[in-house]
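Shown next: model-v5.pdb, containing PDB, C-alpha atoms.
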```pdb
MODEL        1
ATOM      1  CA  MET A   1      -1.664 -32.166  26.678
ATOM      2  CA  GLY A   2      -1.502 -28.384  26.481
ATOM      3  CA  ARG A   3      -0.317 -28.579  22.900
ATOM      4  CA  SER A   4      -3.161 -30.897  21.953
ATOM      5  CA  VAL A   5      -5.683 -28.562  23.481
ATOM      6  CA  ALA A   6      -4.172 -25.601  21.658
ATOM      7  CA  CYS A   7      -4.330 -27.468  18.343
ATOM      8  CA  LEU A   8      -7.930 -28.396  18.979
ATOM      9  CA  ILE A   9      -8.792 -24.796  19.737
ATOM     10  CA  VAL A  10      -7.149 -23.645  16.527
ATOM     11  CA  LEU A  11      -9.001 -26.233  14.482
ATOM     12  CA  VAL A  12     -12.319 -25.270  15.997
ATOM     13  CA  LEU A  13     -11.721 -21.588  15.551
ATOM     14  CA  LEU A  14     -10.737 -22.038  11.914
ATOM     15  CA  GLU A  15     -14.263 -23.160  11.306
ATOM     16  CA  LEU A  16     -15.693 -20.054  12.860
ATOM     17  CA  SER A  17     -15.706 -16.583  11.475
ATOM     18  CA  ALA A  18     -12.539 -14.767  10.609
ATOM     19  CA  GLN A  19     -13.176 -12.496  13.551
ATOM     20  CA  SER A  20     -12.598 -15.337  15.914
ATOM     21  CA  GLN A  21      -8.948 -16.126  15.420
ATOM     22  CA  THR A  22      -7.086 -17.164  18.516
ATOM     23  CA  ALA A  23      -4.017 -15.622  20.108
ATOM     24  CA  VAL A  24      -4.561 -12.249  18.562
ATOM     25  CA  PRO A  25      -1.803  -9.794  19.331
ATOM     26  CA  THR A  26      -3.260  -6.341  19.810
ATOM     27  CA  ALA A  27      -0.739  -5.009  17.280
ATOM     28  CA  LEU A  28      -2.569  -6.899  14.509
ATOM     29  CA  GLY A  29      -5.758  -5.552  13.070
ATOM     30  CA  LEU A  30      -7.603  -2.313  13.581
ATOM     31  CA  ARG A  31      -9.028  -1.285  16.893
ATOM     32  CA  SER A  32     -12.589  -0.030  16.742
ATOM     33  CA  GLU A  33     -11.488   3.605  16.925
ATOM     34  CA  GLN A  34      -9.089   3.030  14.008
ATOM     35  CA  ILE A  35     -11.739   1.710  11.635
ATOM     36  CA  PRO A  36     -12.562   4.381   9.039
ATOM     37  CA  ALA A  37     -16.009   5.919   9.220
ATOM     38  CA  ASP A  38     -16.850   4.536   5.778
ATOM     39  CA  CYS A  39     -16.282   0.958   6.903
ATOM     40  CA  LYS A  40     -17.803  -1.191   9.579
ATOM     41  CA  SER A  41     -16.567  -4.415  11.062
ATOM     42  CA  VAL A  42     -18.590  -7.435   9.961
ATOM     43  CA  ASP A  43     -18.590 -11.143  10.630
ATOM     44  CA  GLY A  44     -17.518 -13.677   8.059
ATOM     45  CA  SER A  45     -14.532 -14.214   5.835
ATOM     46  CA  PHE A  46     -14.337 -12.842   2.310
ATOM     47  CA  PRO A  47     -11.222 -14.003   0.490
ATOM     48  CA  VAL A  48     -11.349 -12.779  -3.102
ATOM     49  CA  ASP A  49      -9.861 -15.978  -4.480
ATOM     50  CA  ILE A  50      -9.012 -19.535  -3.582
ATOM     51  CA  GLN A  51      -5.307 -18.728  -3.212
ATOM     52  CA  THR A  52      -5.998 -16.319  -0.381
ATOM     53  CA  SER A  53      -8.421 -18.748   1.196
ATOM     54  CA  ILE A  54      -5.889 -21.563   1.196
ATOM     55  CA  LEU A  55      -3.086 -19.351   2.442
ATOM     56  CA  TRP A  56      -5.239 -18.343   5.357
ATOM     57  CA  ASP A  57      -6.719 -21.719   6.174
ATOM     58  CA  LYS A  58      -3.733 -23.928   5.446
ATOM     59  CA  PRO A  59      -0.441 -22.047   5.700
ATOM     60  CA  ASP A  60       1.145 -25.335   6.744
ATOM     61  CA  LEU A  61       0.928 -26.417   3.121
ATOM     62  CA  TYR A  62       3.796 -24.068   2.384
ATOM     63  CA  LYS A  63       5.949 -24.815   5.414
ATOM     64  CA  SER A  64       8.685 -26.412   3.323
ATOM     65  CA  LEU A  65       8.941 -23.210   1.295
ATOM     66  CA  ILE A  66       8.400 -20.355   3.706
ATOM     67  CA  PRO A  67       8.601 -19.706   7.433
ATOM     68  CA  LEU A  68       5.298 -20.201   9.181
ATOM     69  CA  PRO A  69       3.715 -17.151  10.806
ATOM     70  CA  ILE A  70       3.876 -16.940  14.576
ATOM     71  CA  ALA A  71       0.442 -15.313  14.705
ATOM     72  CA  LYS A  72      -2.342 -14.420  12.350
ATOM     73  CA  TYR A  73      -5.503 -12.434  12.503
ATOM     74  CA  ALA A  74      -8.365 -11.674  10.168
ATOM     75  CA  GLN A  75     -10.772  -8.776  10.234
ATOM     76  CA  SER A  76     -13.671  -8.342   7.842
ATOM     77  CA  PHE A  77     -15.168  -5.047   6.816
ATOM     78  CA  ALA A  78     -18.085  -3.727   4.833
ATOM     79  CA  CYS A  79     -17.048  -0.529   3.082
ATOM     80  CA  HIS A  80     -19.800   1.037   1.000
ATOM     81  CA  ASP A  81     -21.091  -1.791  -1.178
ATOM     82  CA  ASP A  82     -18.068  -4.046  -0.876
ATOM     83  CA  LYS A  83     -17.106  -6.597   1.722
ATOM     84  CA  GLY A  84     -13.623  -7.879   2.218
ATOM     85  CA  THR A  85     -11.253  -9.315   4.741
ATOM     86  CA  VAL A  86      -7.861  -8.180   5.909
ATOM     87  CA  PHE A  87      -5.650 -11.180   6.659
ATOM     88  CA  SER A  88      -2.625 -10.356   8.788
ATOM     89  CA  PHE A  89       0.336 -12.680   9.247
ATOM     90  CA  GLN A  90       3.023 -11.955  11.794
ATOM     91  CA  PHE A  91       6.419 -13.597  11.317
ATOM     92  CA  ALA A  92       9.244 -14.107  13.764
ATOM     93  CA  SER A  93      11.459 -11.509  12.099
ATOM     94  CA  ASN A  94      11.637  -9.045   9.246
ATOM     95  CA  ALA A  95      13.805 -11.495   7.320
ATOM     96  CA  GLU A  96      11.197 -14.234   7.665
ATOM     97  CA  ARG A  97       8.476 -11.856   6.521
ATOM     98  CA  GLU A  98      10.572 -10.898   3.491
ATOM     99  CA  LYS A  99      11.135 -14.537   2.589
ATOM    100  CA  ALA A 100       7.474 -15.347   3.002
ATOM    101  CA  GLY A 101       6.413 -12.270   1.054
ATOM    102  CA  ALA A 102       8.611 -13.162  -1.887
ATOM    103  CA  PHE A 103       6.692 -16.422  -2.149
ATOM    104  CA  ILE A 104       3.214 -15.309  -1.168
ATOM    105  CA  LYS A 105       2.819 -12.422  -3.622
ATOM    106  CA  PRO A 106       3.329 -14.402  -6.826
ATOM    107  CA  LEU A 107       1.359 -17.230  -5.232
ATOM    108  CA  LEU A 108      -1.639 -14.952  -4.822
ATOM    109  CA  TRP A 109      -1.357 -12.938  -8.017
ATOM    110  CA  GLY A 110       0.195 -15.394 -10.475
ATOM    111  CA  GLU A 111       2.154 -12.377 -11.679
ATOM    112  CA  SER A 112       4.376  -9.700 -10.245
ATOM    113  CA  GLY A 113       1.437  -7.558  -9.166
ATOM    114  CA  PRO A 114      -2.312  -7.602  -8.581
ATOM    115  CA  THR A 115      -4.528  -8.429 -11.522
ATOM    116  CA  ALA A 116      -8.234  -8.138 -12.225
ATOM    117  CA  GLY A 117      -8.710 -11.760 -11.238
ATOM    118  CA  HIS A 118      -6.428 -11.512  -8.210
ATOM    119  CA  PRO A 119      -6.856  -7.961  -6.951
ATOM    120  CA  GLU A 120      -5.781  -8.453  -3.366
ATOM    121  CA  LEU A 121      -3.107  -6.092  -2.108
ATOM    122  CA  VAL A 122      -0.176  -7.100   0.039
ATOM    123  CA  LEU A 123       1.191  -4.702   2.637
ATOM    124  CA  GLU A 124       4.545  -5.451   4.190
ATOM    125  CA  ALA A 125       6.151  -3.700   7.115
ATOM    126  CA  GLY A 126       8.479  -5.005   9.734
ATOM    127  CA  ASN A 127       7.583  -8.597  10.476
ATOM    128  CA  LEU A 128       3.967  -8.149   9.393
ATOM    129  CA  LEU A 129       2.475  -9.179   6.070
ATOM    130  CA  THR A 130      -1.111  -8.157   5.420
ATOM    131  CA  VAL A 131      -3.299  -9.369   2.579
ATOM    132  CA  VAL A 132      -6.065  -6.878   1.875
ATOM    133  CA  SER A 133      -8.640  -9.062   0.224
ATOM    134  CA  PHE A 134     -11.078  -6.714  -1.461
ATOM    135  CA  ARG A 135     -12.205  -6.438  -5.068
ATOM    136  CA  LYS A 136     -11.416  -2.732  -4.787
ATOM    137  CA  ALA A 137      -9.466  -2.030  -1.648
ATOM    138  CA  PRO A 138     -10.803   1.250  -0.171
ATOM    139  CA  THR A 139      -8.081   3.881   0.072
ATOM    140  CA  PHE A 140      -9.213   5.041   3.489
ATOM    141  CA  LEU A 141      -9.026   1.483   4.815
ATOM    142  CA  LEU A 142      -5.527   1.073   3.386
ATOM    143  CA  ALA A 143      -4.437   4.288   5.031
ATOM    144  CA  ALA A 144      -5.786   3.069   8.352
ATOM    145  CA  LEU A 145      -4.093  -0.302   7.964
ATOM    146  CA  GLN A 146      -0.761   1.309   7.270
ATOM    147  CA  ASN A 147      -0.881   2.897  10.659
ATOM    148  CA  VAL A 148      -1.239  -0.361  12.533
ATOM    149  CA  PRO A 149       2.016  -0.602  14.445
ATOM    150  CA  GLY A 150       3.934  -3.764  13.711
ATOM    151  CA  SER A 151       6.226  -5.555  16.053
ATOM    152  CA  ALA A 152       9.426  -4.668  14.276
ATOM    153  CA  PRO A 153      11.434  -1.523  14.863
ATOM    154  CA  ILE A 154      10.630  -0.375  11.359
ATOM    155  CA  ASP A 155       7.122   0.482  12.424
ATOM    156  CA  GLN A 156       7.548   1.671  15.933
ATOM    157  CA  ASP A 157       7.612   5.346  15.067
ATOM    158  CA  THR A 158       4.682   5.189  12.721
ATOM    159  CA  VAL A 159       2.164   7.877  13.482
ATOM    160  CA  ALA A 160      -1.434   6.901  13.932
ATOM    161  CA  SER A 161      -3.214   9.705  12.144
ATOM    162  CA  GLY A 162      -3.591   8.305   8.669
ATOM    163  CA  GLY A 163      -1.485   8.610   5.548
ATOM    164  CA  PHE A 164       1.381   6.619   4.147
ATOM    165  CA  PRO A 165       4.045   5.947   6.771
ATOM    166  CA  ILE A 166       7.710   6.302   5.893
ATOM    167  CA  SER A 167       9.712   3.985   8.095
ATOM    168  CA  GLY A 168      10.068   5.842  11.336
ATOM    169  CA  HIS A 169       9.990   9.260   9.674
ATOM    170  CA  GLY A 170       6.362  10.269   9.881
ATOM    171  CA  SER A 171       3.671   9.960   7.266
ATOM    172  CA  LEU A 172       2.854  11.504   3.926
ATOM    173  CA  HIS A 173      -0.847  12.240   3.540
ATOM    174  CA  LEU A 174      -2.330  12.214   0.054
ATOM    175  CA  SER A 175      -6.012  12.689  -0.673
ATOM    176  CA  VAL A 176      -6.524  10.483  -3.685
ATOM    177  CA  PRO A 177      -9.983   9.305  -4.761
ATOM    178  CA  ASP A 178     -11.299   6.439  -2.688
ATOM    179  CA  ASP A 179     -11.933   4.275  -5.710
ATOM    180  CA  TRP A 180      -8.309   4.280  -6.831
ATOM    181  CA  ARG A 181      -6.493   1.062  -6.111
ATOM    182  CA  THR A 182      -3.345   1.587  -4.114
ATOM    183  CA  HIS A 183      -0.291  -0.605  -3.804
ATOM    184  CA  THR A 184       2.473   0.403  -1.454
ATOM    185  CA  ARG A 185       5.926  -0.794  -0.640
ATOM    186  CA  GLU A 186       7.840   0.561   2.299
ATOM    187  CA  LEU A 187      11.628   0.447   2.485
ATOM    188  CA  PRO A 188      13.625   1.018   5.666
ATOM    189  CA  ASP A 189      16.841   2.128   3.943
ATOM    190  CA  PRO A 190      16.663   4.717   2.719
ATOM    191  CA  PRO A 191      13.456   5.483   4.618
ATOM    192  CA  SER A 192      10.994   5.604   1.772
ATOM    193  CA  ILE A 193       7.771   4.346   0.354
ATOM    194  CA  THR A 194       6.640   3.708  -3.188
ATOM    195  CA  LEU A 195       2.995   4.236  -4.026
ATOM    196  CA  HIS A 196       1.240   2.924  -7.085
ATOM    197  CA  PHE A 197      -2.247   4.129  -7.933
ATOM    198  CA  VAL A 198      -4.369   2.638 -10.690
ATOM    199  CA  PRO A 199      -8.064   2.838 -11.564
ATOM    200  CA  ALA A 200     -10.506   0.494  -9.911
ATOM    201  CA  SER A 201     -11.143  -0.886 -13.378
ATOM    202  CA  GLY A 202      -9.586  -0.344 -16.756
ATOM    203  CA  ASP A 203      -6.216   1.213 -17.416
ATOM    204  CA  ALA A 204      -6.927   4.871 -18.024
ATOM    205  CA  PHE A 205      -4.012   5.991 -15.908
ATOM    206  CA  ASP A 206      -1.082   4.869 -13.835
ATOM    207  CA  VAL A 207       0.426   6.969 -11.050
ATOM    208  CA  GLN A 208       3.673   6.112  -9.305
ATOM    209  CA  VAL A 209       5.193   8.050  -6.447
ATOM    210  CA  THR A 210       8.462   7.465  -4.644
ATOM    211  CA  ALA A 211       8.627   9.361  -1.374
ATOM    212  CA  VAL A 212      11.877   9.458   0.545
ATOM    213  CA  CYS A 213      12.842  11.085   3.805
ATOM    214  CA  TRP A 214      14.883  14.134   2.909
ATOM    215  CA  MET A 215      16.321  14.794   6.350
ATOM    216  CA  ARG A 216      19.154  13.020   8.093
ATOM    217  CA  PRO A 217      18.461  11.896  11.658
ATOM    218  CA  ASN A 218      20.388  14.888  13.017
ATOM    219  CA  GLY A 219      18.181  17.225  11.109
ATOM    220  CA  TYR A 220      20.096  18.748   8.227
ATOM    221  CA  ALA A 221      19.064  18.267   4.668
ATOM    222  CA  ARG A 222      20.940  16.180   2.178
ATOM    223  CA  ARG A 223      22.331  18.118  -0.703
ATOM    224  CA  PRO A 224      21.735  16.714  -4.144
ATOM    225  CA  THR A 225      24.876  15.472  -5.882
ATOM    226  CA  ARG A 226      25.618  16.614  -9.378
TER     227      ARG A 226
ATOM    228  CA  MET B 227      12.602  12.248 -23.327
ATOM    229  CA  LEU B 228      12.197  15.369 -25.408
ATOM    230  CA  PRO B 229      13.472  13.723 -28.624
ATOM    231  CA  HIS B 230      10.576  11.265 -28.289
ATOM    232  CA  SER B 231       8.006  13.909 -27.462
ATOM    233  CA  VAL B 232       5.654  16.059 -29.458
ATOM    234  CA  GLU B 233       6.762  19.009 -27.354
ATOM    235  CA  LYS B 234      10.100  20.570 -28.186
ATOM    236  CA  THR B 235      10.592  22.017 -24.746
ATOM    237  CA  ALA B 236       9.475  20.942 -21.300
ATOM    238  CA  THR B 237       7.565  23.680 -19.564
ATOM    239  CA  LEU B 238       7.815  23.634 -15.797
ATOM    240  CA  HIS B 239       4.648  24.191 -13.825
ATOM    241  CA  GLU B 240       4.516  24.915 -10.140
ATOM    242  CA  LEU B 241       2.839  22.788  -7.504
ATOM    243  CA  HIS B 242       2.018  24.674  -4.391
ATOM    244  CA  GLY B 243      -0.073  23.897  -1.350
ATOM    245  CA  ARG B 244      -0.206  24.494   2.359
ATOM    246  CA  GLN B 245       2.737  22.193   3.114
ATOM    247  CA  SER B 246       3.778  21.091  -0.317
ATOM    248  CA  THR B 247       5.796  22.765  -3.049
ATOM    249  CA  GLY B 248       7.212  21.400  -6.270
ATOM    250  CA  PHE B 249       7.298  21.368 -10.044
ATOM    251  CA  TYR B 250       6.127  19.211 -12.883
ATOM    252  CA  TYR B 251       6.147  19.033 -16.661
ATOM    253  CA  ALA B 252       3.943  17.218 -19.172
ATOM    254  CA  LEU B 253       4.996  15.550 -22.405
ATOM    255  CA  THR B 254       3.293  13.652 -25.209
ATOM    256  CA  ASP B 255       4.801  10.570 -26.830
ATOM    257  CA  ASN B 256       5.353  11.282 -30.528
ATOM    258  CA  ASN B 257       5.211   7.634 -31.517
ATOM    259  CA  PRO B 258       3.252   5.572 -29.016
ATOM    260  CA  GLY B 259       3.034   1.841 -29.517
ATOM    261  CA  PRO B 260      -0.253  -0.061 -29.415
ATOM    262  CA  GLY B 261      -1.790   0.140 -25.979
ATOM    263  CA  GLU B 262       0.917   2.393 -24.606
ATOM    264  CA  PHE B 263       0.171   5.506 -22.636
ATOM    265  CA  THR B 264       0.500   8.612 -24.763
ATOM    266  CA  ASN B 265       0.777  11.265 -22.086
ATOM    267  CA  LEU B 266       3.154  11.668 -19.204
ATOM    268  CA  THR B 267       3.419  14.116 -16.349
ATOM    269  CA  GLN B 268       6.471  13.948 -14.129
ATOM    270  CA  GLY B 269       7.634  16.053 -11.268
ATOM    271  CA  VAL B 270       8.806  16.355  -7.703
ATOM    272  CA  PHE B 271       7.364  17.909  -4.591
ATOM    273  CA  LEU B 272       8.668  18.514  -1.116
ATOM    274  CA  THR B 273       6.342  18.030   1.823
ATOM    275  CA  GLY B 274       7.990  18.631   5.169
ATOM    276  CA  ASP B 275      10.842  16.135   5.437
ATOM    277  CA  ILE B 276       9.588  14.087   2.517
ATOM    278  CA  LEU B 277      10.741  14.489  -1.082
ATOM    279  CA  SER B 278       8.476  12.750  -3.581
ATOM    280  CA  ALA B 279       9.061  12.070  -7.254
ATOM    281  CA  PHE B 280       6.063  11.105  -9.334
ATOM    282  CA  THR B 281       5.106   9.874 -12.773
ATOM    283  CA  ILE B 282       1.547  10.020 -14.084
ATOM    284  CA  LEU B 283       0.740   8.131 -17.275
ATOM    285  CA  TYR B 284      -2.567   8.640 -19.079
ATOM    286  CA  ARG B 285      -4.170   8.354 -22.464
ATOM    287  CA  THR B 286      -5.711  11.689 -23.353
ATOM    288  CA  PRO B 287      -4.192  15.177 -23.441
ATOM    289  CA  THR B 288      -6.530  16.282 -20.697
ATOM    290  CA  SER B 289      -7.183  13.837 -17.910
ATOM    291  CA  SER B 290      -9.287  14.428 -14.835
ATOM    292  CA  ASP B 291      -7.379  11.621 -13.144
ATOM    293  CA  ALA B 292      -4.061  13.349 -13.762
ATOM    294  CA  ASP B 293      -5.582  16.550 -12.418
ATOM    295  CA  LYS B 294      -6.757  14.712  -9.297
ATOM    296  CA  ALA B 295      -3.285  13.299  -8.749
ATOM    297  CA  LEU B 296      -1.657  16.714  -9.143
ATOM    298  CA  ARG B 297      -4.173  18.210  -6.737
ATOM    299  CA  ALA B 298      -3.419  15.456  -4.224
ATOM    300  CA  PHE B 299       0.306  16.175  -4.509
ATOM    301  CA  ALA B 300      -0.190  19.918  -4.107
ATOM    302  CA  GLU B 301      -2.385  19.362  -1.070
ATOM    303  CA  ALA B 302      -0.136  16.703   0.458
ATOM    304  CA  THR B 303       0.665  17.074   4.110
ATOM    305  CA  TYR B 304       3.237  15.565   6.387
ATOM    306  CA  THR B 305       3.100  14.525  10.016
ATOM    307  CA  LYS B 306       6.012  13.393  12.146
TER     308      LYS B 306
ENDMDL
END
```
Target encoding structure tokens, full file:
Amino acid sequence: MGRSVACLIVLVLLELSAQSQTAVPTALGLRSEQIPADCKSVDGSFPVDIQTSILWDKPDLYKSLIPLPIAKYAQSFACHDDKGTVFSFQFASNAEREKAGAFIKPLLWGESGPTAGHPELVLEAGNLLTVVSFRKAPTFLLAALQNVPGSAPIDQDTVASGGFPISGHGSLHLSVPDDWRTHTRELPDPPSITLHFVPASGDAFDVQVTAVCWMRPNGYARRPTR
Amino acid sequence: MLPHSVEKTATLHELHGRQSTGFYYALTDNNPGPGEFTNLTQGVFLTGDILSAFTILYRTPTSSDADKALRAFAEATYTK
């Protein structure tokens, strides 16, 4: 009986706005005070393509290929002239998130990375996979999203003051133009993050940064090997 | 990379900001293929506990985007 009611609730809520997802863990999504000043929370769902829409609405379609998320949450924002939705999927473990991510990214993009037709960005940390579904994902929104603490240990030490978190070792803050598209990948070992910046349109430049924690946990610096 | 560059030597330039310090050099491809980037700036910078290595690719000898990236690296900050 309880299960039937829960299923009914989920089905009903799927028809409502993305803001209305059920069983929302507080760790998913941005709290009002975390939303950047240039964005405001709005109703509605704005997937940039059908792949994102299906992934959100019907993740069960892929249950034979990937683990199903244990929770999901969507938040829509209007940032300047663009509207988009941030779809967050929480998995039971880091390993399950990794397995799901390996399938979801090429599913969304059709290639190894975002394209003009499939510009959504995928953020992965701990057991959380987040699809940032914007035509041009605002840098300040990405920075805010990367400070949402996940459930896995990898994110527990993340600071909440903006920037690009480096697994449990603080955050690197870079002031890049808001209209640059940013793709990030965080690695727990060694604690590091790779950043990839490209223009909002065209291919005038390509910036890649690999940032790694230079200090051992006990505080002394690693010496470079020759 | 120098054998494939217009430049015969790589000149190191300093990056320096409130919390960030590092170096970079810029080279020009001497035989770029169709559609390839012609200009490259590479370097490293240390910001608190974080060591970052970067590569900037662009298409003109002077690039405001490359300048913006370098400025962002110089002004990078770190919080624990």
Subject >> Expected answer as number ranges by chain: chain A residues within 9 Å of chain B, all atoms listed in the file >> reply: A: 157-159, 161, 163, 166, 168-177, 192, 199, 203-215, 221
Subject >> Output check: residues returned by the PyMOL selection byres ((chain A and resi 124) around 9), as a list in words >> reply: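 So the PyMOL selection byres ((chain A and resi 124) around 9) ends up selecting Arg97, Glu98, Gly101, Val122, Leu123, Ala125, Gly126, Asn127, Leu128, Leu129, Thr130, Val131, Thr184, Arg185 and Glu186 of chain A.
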Original post:
In terms of the shortest atom-to-atom distance over all atoms listed in the file, which of A:Cys39, A:Ser93, A:Pro106, A:Asp60 is closest to Ser76 of chain A?
Top reply: A:Cys39
**OP:** Name the residues that the PyMOL selection byres ((chain B and resi 229) around 12) pulls out of this structure, and write them as JSON, numbers by chain.
**Re:** {"B": [227, 228, 230, 231, 232, 233, 234, 235, 236, 253, 254, 255, 256, 257]}
Subject >> Explicit residues for the PyMOL selection byres ((chain A and resi 118) around 10) (as a list in words) >> reply: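 After applying the PyMOL selection byres ((chain A and resi 118) around 10), what remains is Val48, Asp49, Ile50, Gln51, Thr52, Leu108, Trp109, Gly110, Glu111, Gly113, Pro114, Thr115, Ala116, Gly117, Pro119, Glu120, Leu121, Ser133, Phe134 and Arg135 of chain A.
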Subject >> Two-atom distance - atom CA of Phe140 of chain A, atom CA of Gln90 of chain A (Å) >> reply: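 Atom CA of Phe140 of chain A sits 22.5 Å away from atom CA of Gln90 of chain A.
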Original post:
So how far away is atom CA of Ile35 of chain A from atom CA of Asp82 of chain A, in Å?
Top reply: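 Atom CA of Asp82 of chain A sits 15.2 Å away from atom CA of Ile35 of chain A.
Put simply, atom CA of Thr139 of chain A is 24.6 Å away from atom CA of Tyr250 of chain B.
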